[in-house]
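Contents: one structure, followed by commentary.
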Amino acid sequence: MRLLEYEAKEIFRRYGIRTPEGVVCRTPQEAREAVAKLGSSVIKAQVPVGGRGLAGGVKFAESPDEAYRLAGEMLSKEIKGSRVELLLVEKKVCVSRELYLSLTVDRASRSLVYIASKIGGVEIEELARKNPESLVKLNTNPYIGFSPYIARTIASFIGLPAEAWGEVERILAGLYRIMVDYDAELVEINPLAVDCSGSLIALDAKILVDDNSLFRHPDLEKLKYRELTSEERSAREKGFTYVSLDGYIGVIGNGAGLTMATMDLIEYYGGKPANFLDVWSGGGASRDRVKEAVRLLLENPRVRVVLVNIFGGMTRCDEVALGVKQAIEETGSKKPVVVRLMGTNQEEGVRILREAGLLVYEDVDEAVRRAVEISRGGGV
Amino acid sequence: MRLLEYEAKEIFRRYGIRTPEGVVCRTPQEAREAVAKLGSSVIKAQVPVGGRGLAGGVKFAESPDEAYRLAGEMLSKEIKGSRVELLLVEKKVCVSRELYLSLTVDRASRSLVYIASKIGGVEIEELARKNPESLVKLNTNPYIGFSPYIARTIASFIGLPAEAWGEVERILAGLYRIMVDYDAELVEINPLAVDCSGSLIALDAKILVDDNSLFRHPDLEKLKYRELTSEERSAREKGFTYVSLDGYIGVIGNGAGLTMATMDLIEYYGGKPANFLDVWSGGGASRDRVKEAVRLLLENPRVRVVLVNIFGGMTRCDEVALGVKQAIEETGSKKPVVVRLMGTNQEEGVRILREAGLLVYEDVDEAVRRAVEISRGGGV
Amino acid sequence: MIAGKNTRVLVQGITGKEGSFHTKLMLEYGTRIVAGVTPGKGGSTVHGVRVFNTVREALRETGGVDASVVFVPARAAYDAVLEAVENDIKLIVVVTEGIPLLEELRIVHYAKLKGVTIVGPNTPGLIVPGETKLGIMPANYYKPGVVAVMSRSGTLSYEVAWQLSRSGLGVSVAIGIGGDPVTGLDFIEVYNMFLEDPKTRYVVLVGEIGGDLEERFAKYYSGLAEKKPVVAYIAGRSAPREKRMGHAGAIISMGLGDYESKVKALTESGIPVARKVSDIPSLLKGLGV
Amino acid sequence: MIAGKNTRVLVQGITGKEGSFHTKLMLEYGTRIVAGVTPGKGGSTVHGVRVFNTVREALRETGGVDASVVFVPARAAYDAVLEAVENDIKLIVVVTEGIPLLEELRIVHYAKLKGVTIVGPNTPGLIVPGETKLGIMPANYYKPGVVAVMSRSGTLSYEVAWQLSRSGLGVSVAIGIGGDPVTGLDFIEVYNMFLEDPKTRYVVLVGEIGGDLEERFAKYYSGLAEKKPVVAYIAGRSAPREKRMGHAGAIISMGLGDYESKVKALTESGIPVARKVSDIPSLLKGLGV
């Protein structure tokens with residue numbers, strides 16, 4: 001889960017990382033008052049997505065009136081699917097240099113990795129592509145995290161004077177403590193500015209919290225669906241891993257890989273998936289979960305046909321079959337449902353579905369081809 | 001440095017480890033009042049040495065008057081060279097079982113090690129000898145320290161019911177946090193009692209703090225000479241590693257091993273060392289340090305002859321020679337001084353000492369034999 | 001191979017719903033499960049397997065094990081795996097899904113330093129058809145054969161195994177490396193095990209979008225002098241960018257991990273990529289072995 | 001041997017008083033010091049050796065090193081050694097005395113897991129007479145010869161080396177394992193290095209009271225099929241119990257580590273123990289080689 005900039009900055013300050021003076025605003029009037037108090041400011045849309053600058057989510061205001069106008073424009077926007085409801089108005093900082101700093105997980109070495117760059121304000125992916133020589137990466141043992149040599153190595157690489165090393169040390173130690181205390185996957189300062197007095201200040205702040213650790217952070221857990229569409233949110237609240245897509249064939253699978261492969265196969269045979277829905281959740285797919293999943297898709301108006309693809313490991317096919325059957329009975333939907341069923345108690349599952357008059361296949365290609373046909377108006 | 005029991009117990013309580021209700025007393029009257037309040041109690045001398053029980057430092061008092069009497073006796077005692085100035089009066093605990101728990105450093109595996117025993121109240125050395133099957137040792141990575149499986153393993157080994165596992169977990173986690181927060185070498189609870197209600201309670205408490213880490217603990221650092229004799233204390237305050245012995249040949253060496261070997265050689269040739277004094281302290285022995293060391297021994301009435309044995313690595317012989325010479329000049333002492341000098345700038349050092357009329361040797365056996373001879377009344 | 005008929009197995013979390021269910025299936029398959037652990041349940045039995053409170057007791061009472069399969073719930077899994085590592089179990093299959101990332105990272109990093117092999121977390125485990133199964137895959141879809149399967153996903157690898165089995169090629173060994181961003185094994189390490197395995201003649205890599213495991217494998221593979229031929233399948237061609245598709249591992253970001261990048265890297269290294277799972281057997285046969 | 005003529009050496013803490021002094025002596029001895037590190041002093045030189053701010057820069061600019069000698073003060077030593085370990089330096093000689101115990105324990109434990117050899121802490125270092133010196137011992141007392149010396153103490157080992165040198169036996173290599181309770185190497189590990197060294201024909205073990213390093217070595221030695229003969233000397237016969245004699249390591253406690261226990265263990269394993277240092281050469285010669 002991605003924290004909003006202002007939330008991440010609150011945390012930064014608590015860990016001794018300096019950020020610009022700022023005010024969180026909900027209305028153009030609040031933005032006007034903020035700029036009246038702060039002077040020249042930057043107004044930033046608080047949305048849990050990247051790349052908001054290009055999407056008009058970052059503007060400079062020289063006067064309170066300009067702030068009022070810009071805030072009004074921004075608060076009526078949607079940025080990459082997220083409605084803008086909050087703005088962060090921050091006093092403009094005199095900047096002499098922009099840098100990049102982050103701490104994240106390096107999959108390849110199974111380590112934590114500090115990444116720093118002499119160039120800030122650019123997305124790290126782009127930096128890695130265009131200016132790899134501006135970057136330094138330092139792997140560190142995840143039990144150790146920060147040690148002062150890391151700060152010296154980074155400060156020396158970036159070319160900061162020795163007077164600034166202590167500040168770099170405090171910031172990097174802070175990143176590690178934030179990562180541990182908030183179970184973050186990524187803590188990023190981009191850009192980290194050297195201000196005109198030579199001090200370091202975080203102009204932006206990004207914290208991604210590990211979803212698997214949210215149980216330890218009840219205050220964050222309640223925010224966890226905020227970056228989702230309402231359709232996704234209601235599916236997630238039912239416990240499914242769900243992503244909305246723009247097609248018309250509803251997809252239910254067990255396991256992320258199998259569900260993606262099912263979507264891919266729909267495209268291969270010329271159809272368009274309406275969603276990704278993985279019923280799996282650790283302990284296998286129970287009857288009730290399958291029922292809820294099928295209901296969700298039957299009730300989705302974009303969905304012309306529901307394709308269920310279950311290859312059971314922990315999942316038992318008879319339970320799946322009963323879930324599908326009950327969903328259809330309870331909704332009374334006439335929408336066609338195609339089921340591919342393999343695994344534990346397969347015979348019993350097939351029997352239940354056949355008795356309910358559903359299309360059941362063992363071969364996944366056949367099942368997908370049939371679903372695509374139906375979605376194009378082919379008979380059931 | 002060893003904390004006193006009551007100091008260690010204060011720390012224990014802060015880390016969630018239960019200890020008996022108690023009062024620290026300085027006078028028999030305070031002990032009387034404490035027992036009047038607590039009822040049947042145990043009175044324990046607060047001295048930084050082990051084995052006080054056999055030395056009369058632990059007594060039970062059933063009544064305030066008995067407490068007054070026992071406290072009076074104890075406060076007039078010296079236990080293993082330590083004057084008893086403080087008593088801990090603790091309410092007697094109803095005990096159903098006594099156990100042993102500690103966390104320390106395992107040299108062989110370069111790990112931390114949790115040690116637990118089904119038998120408590122006995123010294124661990126004796127336990128290891130007599131009841132090794134009552135002990136369990138669990139090594140743990142010093143970056144990880146405690147993890148709950150350690151508590152389960154120990155609790156299960158000791159045979160505590162599952163209801164008590166949570167308590168064991170809290171105590172063992174506490175030992176590790178104490179070790180880290182106080183830079184301890186050893187944190188020990190012996191005995192840890194199961195009280196008559198089945199709860200765990202620390203009847204005694206031992207924390208040894210690493211001397212090399214005292215700079216991080218200014219409140220503890222000021223206590224660091226408390227367990228030394230006054231002679232040792234004044235030498236340590238001058239920065240020497242010093243141990244008083246009961247002989248009459250003053251020994252100064254550089255490096256602990258060489259100084260011990262010099263003592264051993266004195267005994268080999270029939271003499272008795274008066275002390276262990278290592279002038280080394282990291283950066284080699286400077287002129288002033290040598291001067292102070294020689295002065296200290298010249299002024300010690302037990303010392304009949306001073307033997308200086310320097311084999312220089314970081315230490316420069318010319319500096320040593322000047323230090324020895326100045327000490328003699330400044331004290332005006334007529335006590336004989338025998339010097340064995342090897343190492344960096346040796347020729348210059350030898351010249352300085354010969355000019356001052358001192359006995360200088362290259363061969364350590366010769367130097368020691370000469371010092372022993374002189375101590376027995378042989379001429380200089 | 002990493003495990004076989006004689007591998008002595010411990011099951012951690014054996015009394016839980018999944019642990020107990022899959023212990024039964026593993027025993028039926030012939031896996032030599034010699035002990036189970038569930039704290040507080042010591043003294044009981046599960047499908048005839050003795051249960052202990054701690055790994056230490058289990059090892060003392062049964063004379064040691066070669067591997068552990070972990071079904072312990074996510075919140076306690078770190079501690080359970082650490083317990084196995086510190087008790088010198090050299091192969092640990094972590095079925096558990098949803099372990100906090102930092103705990104996962106720490107235990108995987110530490111196990112690697114200690115020379116302990118972790119399969120997973122979030123893995124269906126491993127199977128050597130006809131010999132042993134340390135995990136949860138439906139064994140009846142794995143017929144003994146000549147193709148080794150390494151996979152990031154669970155159910156999708158069952159599908160692949162089934163296609164191989166019904167095509168007559170069969171499976172020599174299948175290892176799920178796990179669907180999380182951090183895993184004990186990567187494709188390179190698993191492939192090196194397959195190179196040592198006399199029964200394995202071909203390898204199927206089942207990847208998915210996200211991360212750069214496939215790209216790193218492709219690079220490694222292209223530099224090898226001696227190799228066993230590999231066919232790949234990558235799931236997620238139709239998935240949108242920057243959305244997490246179920247697996248924490250399956251997110252495309254940092255300019256890494258999209259479908260095209262993986263297919264390009266694999267193809268350029270001489271690894272054919274199947275457009276659909278059912279094409280895998282014919283691609284393998286087309287390699288002309 | 002662990003180091004030789006061609007060993008490329010980094011000095012950490014090179015601009016300090018000790019670091020600079022001993023860099024000069026090492027260079028004079030012929031040690032190939034290729035770089036130094038002192039944070040904030042990058043760009044300067046010490047006796048002609050280039051100084052860098054960080055180990056990473058030193059390695060990049062000089063093409064790598066085989067070993068580092070650390071003179072960094074105790075409070076910063078942990079971080080400096082960690083910096084060397086994480087930059088993959090495989091041999092680290094830690095001269096620094098007085099490092100906090102838990103930091104010492106952590107870094108030594110971690111280095112061992114990573115396969116990095118730490119000599120020390122609190123060691124005079126190591127010398128291969130006539131080839132190289134990574135440390136602070138007075139080299140003129142070490143004549144090339146056939147006896148390897150392993151020691152817990154510093155100056156006492158110089159004394160031993162001198163006795164060997166003037167007796168004509170000479171020193172093939174001398175390693176100070178360090179005087180602290182926790183060290184990177186123990187006598188067993190150092191002895192195994194000596195077994196591999198063609199120049200070494202005899203070994204002298206210089207021990208002292210405290211700990212059980214000598215007892216563990218004796219036990220190990222007695223179980224060896226092929227060995228090079230060992231003579232031991234143990235300091236501290238006259239030291240009282242439960243008093244710390246300078247070295248943090250030299251305290252007798254936990255029923256371990258008294259003089260008699262060590263002498264008994266060594267003698268029973270067939271290792272003669274010299275009553276005084278000057279007896280060592282004749283004991284060696286008495287072994288009749």
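Residues in the structure tokens are numbered from 1 in each chain, the chains being A, B, ... in the order shown, and ligands are numbered from 1 in the order shown.
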*asked:* Within 8 Å of chain C, which residues belong to chain B? Use only C-alpha atoms and report them as an MDAnalysis selection string.
replied: chainID B and resid 140 147:150 152:153 156 162
*range 169-265 of chain C: which residues are alpha helix (DSSP H) by DSSP, as a list in words?*
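Selecting the alpha helix (DSSP H) positions of range 169-265 of chain C gives Phe187, Ile188, Glu189, Val190, Tyr191, Asn192, Met193, Phe194, Leu195, Glu196, Leu213, Glu214, Glu215, Arg216, Phe217, Ala218, Lys219, Tyr220, Tyr221, Ser222, Tyr259, Glu260, Ser261, Lys262, Val263, Lys264 and Ala265 of chain C.
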*Within 7 Å of range 137-154 of chain C, counting only C-alpha atoms, which residues qualify if same-chain residues fewer than 5 places away don't, as a ChimeraX atom specification?*
/A:255,257,313,343 /C:123-124,129-130,161-162,165,169-179,187,194,199-207
*Using only C-alpha atoms, determine which residues of chain D fall within 12 Å of chain C; present them as a PyMOL selection string.*
chain D and resi 109-116
Per residue of chain A within 12 Å of chain B, what are the shortest atom pair and its distance in Å to one decimal, counting only C-alpha atoms, with rows by chain and residue number, as a tab-separated table?
residue	atom	partner	partner_atom	distance
A:Asn141	CA	B:Tyr143	CA	10.4
A:Pro142	CA	B:Tyr143	CA	10.2
A:Tyr143	CA	B:Tyr143	CA	6.5
A:Ile144	CA	B:Tyr143	CA	7.4
A:Gly145	CA	B:Tyr143	CA	11.0
*asked:* So that I can check the surroundings of range 290-305 of chain A, please list as JSON, numbers by chain every protein, DNA and RNA residue that reaches within 8 Å of it, counting only C-alpha atoms and ignoring chain neighbours fewer than 4 positions away.
replied: {"A": [235, 238, 240, 247, 248, 249, 250, 252, 274, 277, 279, 285, 286, 320, 322, 323, 324, 325, 326, 327, 328, 331, 333, 335, 336, 337, 338, 371, 374, 375]}
